[in-house]
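Below is entry02.pdb, which holds PDB, C-alpha atoms.
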ATOM      1  CA  MET A   1      54.213  87.120   3.968
ATOM      2  CA  GLU A   2      51.951  85.071   6.176
ATOM      3  CA  ILE A   3      53.465  82.944   8.926
ATOM      4  CA  PRO A   4      52.826  79.298   8.000
ATOM      5  CA  TYR A   5      51.154  76.671  10.162
ATOM      6  CA  THR A   6      49.502  79.054  12.640
ATOM      7  CA  VAL A   7      46.270  77.134  12.142
ATOM      8  CA  ALA A   8      47.076  74.130   9.978
ATOM      9  CA  VAL A   9      48.955  71.249  11.580
ATOM     10  CA  ARG A  10      52.581  70.907  10.529
ATOM     11  CA  PRO A  11      53.033  67.445   8.989
ATOM     12  CA  ASP A  12      56.392  66.855  10.677
ATOM     13  CA  THR A  13      55.502  67.889  14.259
ATOM     14  CA  GLY A  14      51.812  66.962  14.233
ATOM     15  CA  LEU A  15      51.052  70.341  15.852
ATOM     16  CA  ASN A  16      50.485  73.857  14.622
ATOM     17  CA  ASN A  17      53.296  76.280  15.419
ATOM     18  CA  VAL A  18      51.245  78.151  18.015
ATOM     19  CA  LYS A  19      50.773  75.056  20.116
ATOM     20  CA  LEU A  20      54.348  73.846  19.744
ATOM     21  CA  GLY A  21      55.604  77.310  20.684
ATOM     22  CA  ILE A  22      53.488  77.625  23.803
ATOM     23  CA  TRP A  23      54.399  74.104  24.958
ATOM     24  CA  LEU A  24      58.120  74.859  24.543
ATOM     25  CA  PHE A  25      57.611  78.040  26.553
ATOM     26  CA  LEU A  26      55.755  76.107  29.262
ATOM     27  CA  ALA A  27      58.595  73.566  29.339
ATOM     28  CA  SER A  28      61.000  76.416  30.162
ATOM     29  CA  GLU A  29      58.565  77.610  32.831
ATOM     30  CA  VAL A  30      58.554  74.143  34.400
ATOM     31  CA  MET A  31      62.342  74.466  34.704
ATOM     32  CA  LEU A  32      62.035  77.945  36.239
ATOM     33  CA  PHE A  33      59.574  76.904  38.931
ATOM     34  CA  GLY A  34      61.226  73.477  39.232
ATOM     35  CA  GLY A  35      64.485  75.205  40.186
ATOM     36  CA  LEU A  36      62.686  77.123  42.907
ATOM     37  CA  PHE A  37      60.876  74.048  44.221
ATOM     38  CA  SER A  38      64.205  72.238  44.262
ATOM     39  CA  THR A  39      65.705  75.137  46.215
ATOM     40  CA  TYR A  40      62.795  74.953  48.647
ATOM     41  CA  VAL A  41      63.398  71.230  49.253
ATOM     42  CA  LEU A  42      67.148  71.819  49.698
ATOM     43  CA  LEU A  43      66.613  74.664  52.171
ATOM     44  CA  ARG A  44      63.962  72.768  54.089
ATOM     45  CA  MET A  45      65.978  69.551  54.333
ATOM     46  CA  GLY A  46      69.023  71.495  55.448
ATOM     47  CA  ALA A  47      67.227  73.596  58.046
ATOM     48  CA  VAL A  48      67.523  72.683  61.706
ATOM     49  CA  GLU A  49      64.034  74.085  62.262
ATOM     50  CA  TRP A  50      61.321  74.888  59.737
ATOM     51  CA  PRO A  51      58.098  76.654  60.679
ATOM     52  CA  LEU A  52      54.668  75.344  59.783
ATOM     53  CA  GLY A  53      53.138  77.533  57.086
ATOM     54  CA  ALA A  54      50.191  78.260  59.367
ATOM     55  CA  GLU A  55      52.521  80.052  61.805
ATOM     56  CA  PHE A  56      52.979  82.844  59.272
ATOM     57  CA  LEU A  57      50.268  82.361  56.657
ATOM     58  CA  ASN A  58      46.494  82.491  56.708
ATOM     59  CA  ILE A  59      45.126  79.105  55.538
ATOM     60  CA  PRO A  60      41.487  80.242  54.917
ATOM     61  CA  ILE A  61      42.738  83.099  52.724
ATOM     62  CA  GLY A  62      45.033  80.709  50.835
ATOM     63  CA  THR A  63      42.138  78.274  50.355
ATOM     64  CA  VAL A  64      39.870  81.015  48.979
ATOM     65  CA  ASN A  65      42.623  82.106  46.587
ATOM     66  CA  THR A  66      43.066  78.495  45.431
ATOM     67  CA  ALA A  67      39.327  78.257  44.734
ATOM     68  CA  ILE A  68      39.465  81.548  42.804
ATOM     69  CA  LEU A  69      42.309  80.374  40.575
ATOM     70  CA  ILE A  70      40.636  77.019  39.920
ATOM     71  CA  ALA A  71      37.412  78.855  39.048
ATOM     72  CA  SER A  72      39.305  81.065  36.597
ATOM     73  CA  SER A  73      40.823  77.966  34.993
ATOM     74  CA  VAL A  74      37.298  76.578  34.556
ATOM     75  CA  THR A  75      35.998  79.822  33.022
ATOM     76  CA  MET A  76      39.023  79.862  30.687
ATOM     77  CA  VAL A  77      38.296  76.390  29.339
ATOM     78  CA  MET A  78      34.593  77.299  29.062
ATOM     79  CA  ALA A  79      35.534  80.416  27.068
ATOM     80  CA  TYR A  80      37.489  78.249  24.643
ATOM     81  CA  ALA A  81      34.624  75.735  24.397
ATOM     82  CA  SER A  82      32.209  78.611  23.706
ATOM     83  CA  LEU A  83      34.354  79.669  20.752
ATOM     84  CA  LYS A  84      34.317  76.103  19.483
ATOM     85  CA  LEU A  85      30.513  76.245  19.631
ATOM     86  CA  GLY A  86      30.592  79.583  17.802
ATOM     87  CA  ASP A  87      28.961  81.388  20.735
ATOM     88  CA  PHE A  88      30.908  84.644  20.872
ATOM     89  CA  ALA A  89      28.668  86.277  23.508
ATOM     90  CA  LYS A  90      29.287  83.414  25.943
ATOM     91  CA  TYR A  91      32.988  83.563  25.151
ATOM     92  CA  LYS A  92      33.054  87.232  26.145
ATOM     93  CA  THR A  93      31.281  86.485  29.438
ATOM     94  CA  TYR A  94      33.556  83.594  30.390
ATOM     95  CA  MET A  95      36.666  85.491  29.322
ATOM     96  CA  LEU A  96      35.649  88.508  31.401
ATOM     97  CA  ALA A  97      35.311  86.206  34.411
ATOM     98  CA  THR A  98      38.746  84.736  33.591
ATOM     99  CA  VAL A  99      40.198  88.258  33.703
ATOM    100  CA  LEU A 100      38.373  89.454  36.825
ATOM    101  CA  LEU A 101      38.888  86.380  39.023
ATOM    102  CA  PRO A 102      42.707  86.671  39.052
ATOM    103  CA  VAL A 103      42.345  90.409  39.746
ATOM    104  CA  LEU A 104      40.462  89.353  42.894
ATOM    105  CA  PHE A 105      43.239  86.819  43.574
ATOM    106  CA  LEU A 106      45.841  89.594  43.384
ATOM    107  CA  CYS A 107      43.792  91.867  45.671
ATOM    108  CA  ILE A 108      43.663  89.119  48.304
ATOM    109  CA  LYS A 109      47.359  88.389  47.813
ATOM    110  CA  GLY A 110      48.063  92.110  48.164
ATOM    111  CA  TYR A 111      46.198  92.083  51.494
ATOM    112  CA  GLU A 112      48.294  89.102  52.605
ATOM    113  CA  TYR A 113      51.502  90.914  51.612
ATOM    114  CA  TYR A 114      50.313  94.049  53.430
ATOM    115  CA  GLU A 115      49.801  92.014  56.612
ATOM    116  CA  LYS A 116      53.255  90.482  56.263
ATOM    117  CA  VAL A 117      54.866  93.901  55.887
ATOM    118  CA  GLN A 118      52.902  95.214  58.885
ATOM    119  CA  HIS A 119      54.266  92.384  61.042
ATOM    120  CA  ASP A 120      57.747  92.845  59.624
ATOM    121  CA  HIS A 121      57.553  89.374  58.057
ATOM    122  CA  LEU A 122      59.806  90.352  55.195
ATOM    123  CA  PRO A 123      62.129  88.046  53.194
ATOM    124  CA  SER A 124      65.000  89.037  55.476
ATOM    125  CA  HIS A 125      63.080  87.667  58.498
ATOM    126  CA  SER A 126      63.694  83.975  57.807
ATOM    127  CA  THR A 127      64.533  81.464  55.092
ATOM    128  CA  PHE A 128      60.904  80.329  55.026
ATOM    129  CA  LEU A 129      59.631  83.849  54.390
ATOM    130  CA  ALA A 130      62.364  84.469  51.823
ATOM    131  CA  ILE A 131      61.265  81.457  49.752
ATOM    132  CA  TYR A 132      57.583  82.323  50.355
ATOM    133  CA  TRP A 133      58.015  85.857  48.994
ATOM    134  CA  THR A 134      60.159  84.710  46.056
ATOM    135  CA  MET A 135      57.823  81.960  44.883
ATOM    136  CA  THR A 136      54.526  83.756  45.416
ATOM    137  CA  ALA A 137      55.829  87.006  43.874
ATOM    138  CA  LEU A 138      57.123  85.155  40.805
ATOM    139  CA  HIS A 139      53.756  83.418  40.537
ATOM    140  CA  GLY A 140      52.057  86.804  40.965
ATOM    141  CA  ILE A 141      54.057  88.224  38.038
ATOM    142  CA  HIS A 142      52.802  85.311  35.939
ATOM    143  CA  ILE A 143      49.252  86.127  37.023
ATOM    144  CA  ILE A 144      49.708  89.748  35.914
ATOM    145  CA  GLY A 145      51.020  88.514  32.540
ATOM    146  CA  GLY A 146      47.996  86.226  32.185
ATOM    147  CA  ILE A 147      45.568  89.039  33.029
ATOM    148  CA  ALA A 148      47.200  91.232  30.359
ATOM    149  CA  VAL A 149      47.013  88.544  27.658
ATOM    150  CA  ASN A 150      43.494  87.368  28.543
ATOM    151  CA  GLY A 151      42.350  90.979  28.883
ATOM    152  CA  TYR A 152      43.634  91.649  25.374
ATOM    153  CA  PHE A 153      41.768  88.630  23.977
ATOM    154  CA  TRP A 154      38.626  89.740  25.784
ATOM    155  CA  GLY A 155      38.905  93.323  24.536
ATOM    156  CA  PRO A 156      40.679  94.631  21.422
ATOM    157  CA  GLY A 157      42.127  91.261  20.380
ATOM    158  CA  SER A 158      38.673  89.675  20.126
ATOM    159  CA  LYS A 159      37.991  91.571  16.880
ATOM    160  CA  MET A 160      39.971  88.850  15.134
ATOM    161  CA  TRP A 161      37.065  86.445  15.741
ATOM    162  CA  HIS A 162      35.097  88.240  13.026
ATOM    163  CA  THR A 163      37.891  88.075  10.450
ATOM    164  CA  LYS A 164      40.003  85.004  11.253
ATOM    165  CA  PRO A 165      38.041  82.809  13.693
ATOM    166  CA  ALA A 166      40.262  79.735  13.425
ATOM    167  CA  MET A 167      43.393  81.764  14.182
ATOM    168  CA  PHE A 168      41.634  83.478  17.084
ATOM    169  CA  GLU A 169      40.606  80.085  18.535
ATOM    170  CA  ASN A 170      44.222  78.983  18.383
ATOM    171  CA  ARG A 171      45.398  82.103  20.159
ATOM    172  CA  VAL A 172      42.832  81.665  22.911
ATOM    173  CA  GLU A 173      43.824  78.006  23.244
ATOM    174  CA  ALA A 174      47.489  79.013  23.668
ATOM    175  CA  ALA A 175      46.558  81.673  26.235
ATOM    176  CA  GLY A 176      44.461  79.022  27.974
ATOM    177  CA  LEU A 177      47.371  76.563  28.134
ATOM    178  CA  TYR A 178      49.485  79.256  29.817
ATOM    179  CA  TRP A 179      46.666  80.111  32.203
ATOM    180  CA  HIS A 180      46.114  76.486  33.243
ATOM    181  CA  PHE A 181      49.853  76.207  33.868
ATOM    182  CA  VAL A 182      49.719  79.209  36.215
ATOM    183  CA  ASP A 183      46.842  77.489  38.046
ATOM    184  CA  LEU A 184      48.832  74.269  38.126
ATOM    185  CA  VAL A 185      51.806  75.986  39.795
ATOM    186  CA  TRP A 186      49.521  77.371  42.503
ATOM    187  CA  ILE A 187      48.036  73.896  43.085
ATOM    188  CA  PHE A 188      51.524  72.888  44.287
ATOM    189  CA  LEU A 189      52.492  76.193  45.908
ATOM    190  CA  PHE A 190      49.450  76.251  48.183
ATOM    191  CA  PRO A 191      50.063  72.999  50.104
ATOM    192  CA  VAL A 192      53.853  73.370  50.044
ATOM    193  CA  LEU A 193      53.881  76.860  51.549
ATOM    194  CA  TYR A 194      50.648  77.082  53.536
ATOM    195  CA  LEU A 195      49.968  73.579  54.805
ATOM    196  CA  LEU A 196      53.256  71.735  55.287
TER
ATOM    197  CA  MET B   1      39.071  69.347  20.693
ATOM    198  CA  SER B   2      37.325  69.300  17.308
ATOM    199  CA  GLY B   3      34.674  71.824  16.292
ATOM    200  CA  ASN B   4      31.914  69.175  16.379
ATOM    201  CA  ALA B   5      29.154  70.698  18.570
ATOM    202  CA  GLU B   6      28.129  67.369  20.096
ATOM    203  CA  GLU B   7      31.692  66.577  21.060
ATOM    204  CA  VAL B   8      32.235  70.062  22.522
ATOM    205  CA  ARG B   9      29.113  69.651  24.687
ATOM    206  CA  LYS B  10      30.462  66.316  25.952
ATOM    207  CA  HIS B  11      33.686  68.119  26.835
ATOM    208  CA  ILE B  12      31.763  70.826  28.699
ATOM    209  CA  ALA B  13      30.023  68.157  30.796
ATOM    210  CA  ILE B  14      33.448  66.709  31.637
ATOM    211  CA  TYR B  15      34.819  70.181  32.517
ATOM    212  CA  LYS B  16      32.029  70.631  35.063
ATOM    213  CA  LYS B  17      32.847  67.291  36.683
ATOM    214  CA  ILE B  18      36.547  68.167  36.786
ATOM    215  CA  ALA B  19      35.714  71.546  38.355
ATOM    216  CA  GLY B  20      33.810  69.702  41.098
ATOM    217  CA  ALA B  21      36.684  67.247  41.581
ATOM    218  CA  LEU B  22      39.187  70.121  41.896
ATOM    219  CA  ALA B  23      36.990  71.850  44.489
ATOM    220  CA  VAL B  24      36.713  68.623  46.495
ATOM    221  CA  GLY B  25      40.475  68.087  46.112
ATOM    222  CA  THR B  26      41.181  71.534  47.544
ATOM    223  CA  ILE B  27      38.975  70.871  50.580
ATOM    224  CA  VAL B  28      40.579  67.450  51.094
ATOM    225  CA  THR B  29      44.065  69.044  50.867
ATOM    226  CA  VAL B  30      43.214  71.478  53.665
ATOM    227  CA  LEU B  31      41.518  68.822  55.829
ATOM    228  CA  ALA B  32      44.442  66.420  55.350
ATOM    229  CA  SER B  33      46.819  69.040  56.728
ATOM    230  CA  TYR B  34      45.004  68.783  60.083
ATOM    231  CA  LEU B  35      45.618  65.017  60.313
ATOM    232  CA  ASP B  36      47.806  64.066  63.216
ATOM    233  CA  VAL B  37      50.501  62.299  61.191
ATOM    234  CA  SER B  38      54.262  62.578  60.875
ATOM    235  CA  VAL B  39      55.728  65.403  58.775
ATOM    236  CA  ALA B  40      56.945  62.961  56.095
ATOM    237  CA  LEU B  41      53.505  61.321  55.783
ATOM    238  CA  GLY B  42      51.814  64.732  55.780
ATOM    239  CA  ILE B  43      54.037  65.907  52.920
ATOM    240  CA  THR B  44      53.400  62.678  50.994
ATOM    241  CA  ILE B  45      49.603  62.964  51.372
ATOM    242  CA  ALA B  46      49.591  66.660  50.369
ATOM    243  CA  LEU B  47      51.759  66.024  47.309
ATOM    244  CA  ILE B  48      49.660  63.029  46.190
ATOM    245  CA  ILE B  49      46.490  65.167  46.334
ATOM    246  CA  ALA B  50      48.223  68.093  44.565
ATOM    247  CA  SER B  51      49.588  65.769  41.853
ATOM    248  CA  THR B  52      46.113  64.288  41.295
ATOM    249  CA  LYS B  53      44.604  67.774  40.927
ATOM    250  CA  ALA B  54      47.431  68.858  38.609
ATOM    251  CA  SER B  55      46.928  65.737  36.464
ATOM    252  CA  LEU B  56      43.222  66.524  36.086
ATOM    253  CA  VAL B  57      44.058  70.064  34.928
ATOM    254  CA  ALA B  58      46.739  68.833  32.502
ATOM    255  CA  VAL B  59      44.731  65.950  31.022
ATOM    256  CA  TYR B  60      41.317  67.620  30.691
ATOM    257  CA  PHE B  61      41.751  71.409  30.705
ATOM    258  CA  MET B  62      45.033  71.383  28.760
ATOM    259  CA  HIS B  63      43.744  68.517  26.593
ATOM    260  CA  LEU B  64      46.902  66.465  27.008
ATOM    261  CA  GLY B  65      44.764  63.335  26.968
ATOM    262  CA  GLU B  66      43.894  64.020  23.338
ATOM    263  CA  GLU B  67      47.293  65.072  21.996
ATOM    264  CA  ARG B  68      48.918  62.483  19.762
ATOM    265  CA  SER B  69      51.973  64.428  18.563
ATOM    266  CA  GLN B  70      55.247  62.583  19.103
ATOM    267  CA  TRP B  71      57.054  65.943  19.199
ATOM    268  CA  LEU B  72      54.890  67.053  22.069
ATOM    269  CA  ASN B  73      55.445  63.746  23.845
ATOM    270  CA  LEU B  74      59.189  64.187  23.363
ATOM    271  CA  THR B  75      59.093  67.765  24.668
ATOM    272  CA  LEU B  76      57.033  66.839  27.708
ATOM    273  CA  GLY B  77      59.059  63.696  28.350
ATOM    274  CA  MET B  78      62.317  65.649  28.361
ATOM    275  CA  THR B  79      60.751  68.323  30.560
ATOM    276  CA  ALA B  80      59.639  65.669  33.037
ATOM    277  CA  ALA B  81      63.094  64.069  33.006
ATOM    278  CA  PHE B  82      64.922  67.356  33.667
ATOM    279  CA  TRP B  83      62.362  68.303  36.301
ATOM    280  CA  LEU B  84      63.078  65.010  38.033
ATOM    281  CA  VAL B  85      66.820  65.781  37.936
ATOM    282  CA  LEU B  86      66.114  69.167  39.536
ATOM    283  CA  MET B  87      64.089  67.518  42.280
ATOM    284  CA  LEU B  88      66.818  64.931  42.869
ATOM    285  CA  VAL B  89      69.530  67.578  43.326
ATOM    286  CA  PRO B  90      68.634  68.149  47.018
ATOM    287  CA  LEU B  91      68.490  64.394  47.551
ATOM    288  CA  PHE B  92      71.930  63.911  45.968
ATOM    289  CA  THR B  93      73.278  66.759  48.082
ATOM    290  CA  PHE B  94      72.204  65.056  51.271
ATOM    291  CA  SER B  95      73.060  61.544  50.172
ATOM    292  CA  ASP B  96      76.582  62.885  49.655
ATOM    293  CA  HIS B  97      76.930  63.000  53.430
ATOM    294  CA  ILE B  98      75.738  59.447  53.995
ATOM    295  CA  GLY B  99      78.554  57.329  55.382
ATOM    296  CA  VAL B 100      80.701  60.300  56.337
ATOM    297  CA  ALA B 101      81.652  59.747  59.945
ATOM    298  CA  LYS B 102      80.528  62.532  62.187
ATOM    299  CA  THR B 103      81.991  61.886  65.605
ATOM    300  CA  LEU B 104      81.741  63.937  68.698
ATOM    301  CA  PRO B 105      85.037  65.001  70.271
ATOM    302  CA  ASN B 106      86.311  62.096  72.304
ATOM    303  CA  ALA B 107      86.511  63.150  75.903
ATOM    304  CA  ASN B 108      89.114  60.456  76.664
ATOM    305  CA  ALA B 109      91.450  61.439  73.861
ATOM    306  CA  PRO B 110      94.560  63.316  74.937
ATOM    307  CA  MET B 111      94.206  67.026  74.410
ATOM    308  CA  GLU B 112      96.518  68.492  71.813
ATOM    309  CA  HIS B 113      98.262  70.822  74.158
ATOM    310  CA  ALA B 114      97.655  68.871  77.313
ATOM    311  CA  ALA B 115     101.340  68.695  78.105
ATOM    312  CA  GLU B 116     101.764  72.425  77.810
ATOM    313  CA  ALA B 117      98.823  72.968  80.135
ATOM    314  CA  HIS B 118     100.664  71.104  82.870
TER
END
What does this structure look like when you write it as structure tokens?
Amino acid sequence: MEIPYTVAVRPDTGLNNVKLGIWLFLASEVMLFGGLFSTYVLLRMGAVEWPLGAEFLNIPIGTVNTAILIASSVTMVMAYASLKLGDFAKYKTYMLATVLLPVLFLCIKGYEYYEKVQHDHLPSHSTFLAIYWTMTALHGIHIIGGIAVNGYFWGPGSKMWHTKPAMFENRVEAAGLYWHFVDLVWIFLFPVLYLL
Amino acid sequence: MSGNAEEVRKHIAIYKKIAGALAVGTIVTVLASYLDVSVALGITIALIIASTKASLVAVYFMHLGEERSQWLNLTLGMTAAFWLVLMLVPLFTFSDHIGVAKTLPNANAPMEHAAEAH
């Protein structure tokens, strides 16, 4: 039996099930990160002293990582647009970039973590570092998830384009929505942790 | 986004502009952090820039500007409302202390065991 409304729009919701599903998932993700941001505000407001992010974190490295994630969001949307134009070769190129850019992001983040460990700036060091490690590590896990999904749609999953192109477009769109959300979280994490 | 090639190309042109705006926004965010302003103003400026960048991503890259589904609007509206509640929790926590008298020990008040001390 085929799952209904994976491509066609459901008359009652005005969306196909793929899109409704991914938006409901993203809504739960907003709550997850929202809870952590709320915790951050509570801890910061309640702290007698709070360090500037620059005291512990490297702003140029954070800025480069922000640029990398934004670039990967752009390549993701370009990959989707390439599918809409029926240009599979361009899709593959943009999708490969979307997979590799966050790998670079993780390498840089790994270097940052390595430096923190070297200086004994572990979560147990201070409340600021505890929330820094928690939020960036959770975001990092989301990045790894995104790399896995996008990597699948770049590699073995892309075969679907030749058999069910409309369904494949929908899947890439859903993966793209998730990926833009991950970028969106970092857009807030960067100033909150590094600059304020 | 529909499959119409002309429309997709228009979208691509917009994506490039948004990419430029996001790059500029990132630079402005970093530069703004060096402004010699109070912490509260600094936080406000940084969050305004971040919210603008996030809106650009949501409206153009996530195509929220084109979605017309009432179910999606309902989902996102409820998400925004609960997110706001989450953000207000710290504020409520601190406003709970407003008006609670916090007085320093009165040096002129008689000590509890003053008599015993003599």
*Taking all atoms listed in the file into account, which residues of chain B are within 9 Å of chain A, as a PyMOL selection string?*
chain B and resi 1-5+8-9+11-12+15-16+18-19+22-23+26-27+29-30+33-34+39+42-43+46-47+50-51+53-55+57-58+61-63+67-72+75-76+78-80+82-84+86-91+93-94
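Taking CA of Gly146 in chain A and CA of Ile22 in chain A as the two end points, the separation is 13.2 Å.
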*Between CA of Ile147 in chain A and CA of Ala97 in chain A, what is the spacing in Å?*
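For CA of Ala97 in chain A relative to CA of Ile147 in chain A, the distance reads 10.7 Å.
Taking CA of Pro4 in chain A and CA of Asn17 in chain A as the two end points, the separation is 8.0 Å.
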*For this file, the PyMOL selection byres ((chain A and resi 167-169) around 9) selects which residues, as an NGL selection string?*
:A and (6-7 or 80 or 83-84 or 153 or 157-161 or 163-166 or 170-174)
*What's the 12 Å shell around Glu112 in chain A, counting all atoms listed in the file, without same-chain residues fewer than 2 positions away, as a list in words?*
Phe56, Leu57, Asn58, Ile59, Pro60, Ile61, Gly62, Asn65, Phe105, Leu106, Cys107, Ile108, Lys109, Gly110, Tyr114, Glu115, Lys116, Val117, Gln118, His119, His121, Leu122, Tyr132, Trp133, Thr136 and Ala137 of chain A
Emit the selected residues as an mmCIF file, keeping the file's coordinate frame, including C-alpha atoms.
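result.cif written:
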data_model
loop_
_atom_site.group_PDB
_atom_site.id
_atom_site.type_symbol
_atom_site.label_atom_id
_atom_site.label_comp_id
_atom_site.auth_asym_id
_atom_site.auth_seq_id
_atom_site.Cartn_x
_atom_site.Cartn_y
_atom_site.Cartn_z
ATOM 1 C CA PHE A 56 52.979 82.844 59.272
ATOM 2 C CA LEU A 57 50.268 82.361 56.657
ATOM 3 C CA ASN A 58 46.494 82.491 56.708
ATOM 4 C CA ILE A 59 45.126 79.105 55.538
ATOM 5 C CA PRO A 60 41.487 80.242 54.917
ATOM 6 C CA ILE A 61 42.738 83.099 52.724
ATOM 7 C CA GLY A 62 45.033 80.709 50.835
ATOM 8 C CA ASN A 65 42.623 82.106 46.587
ATOM 9 C CA PHE A 105 43.239 86.819 43.574
ATOM 10 C CA LEU A 106 45.841 89.594 43.384
ATOM 11 C CA CYS A 107 43.792 91.867 45.671
ATOM 12 C CA ILE A 108 43.663 89.119 48.304
ATOM 13 C CA LYS A 109 47.359 88.389 47.813
ATOM 14 C CA GLY A 110 48.063 92.110 48.164
ATOM 15 C CA TYR A 114 50.313 94.049 53.430
ATOM 16 C CA GLU A 115 49.801 92.014 56.612
ATOM 17 C CA LYS A 116 53.255 90.482 56.263
ATOM 18 C CA VAL A 117 54.866 93.901 55.887
ATOM 19 C CA GLN A 118 52.902 95.214 58.885
ATOM 20 C CA HIS A 119 54.266 92.384 61.042
ATOM 21 C CA HIS A 121 57.553 89.374 58.057
ATOM 22 C CA LEU A 122 59.806 90.352 55.195
ATOM 23 C CA TYR A 132 57.583 82.323 50.355
ATOM 24 C CA TRP A 133 58.015 85.857 48.994
ATOM 25 C CA THR A 136 54.526 83.756 45.416
ATOM 26 C CA ALA A 137 55.829 87.006 43.874
#
*Which one of A:Leu101, A:Ala8, A:Tyr113, A:Lys92 sits closest to Leu129 in chain A if you count all atoms listed in the file?*
A:Tyr113
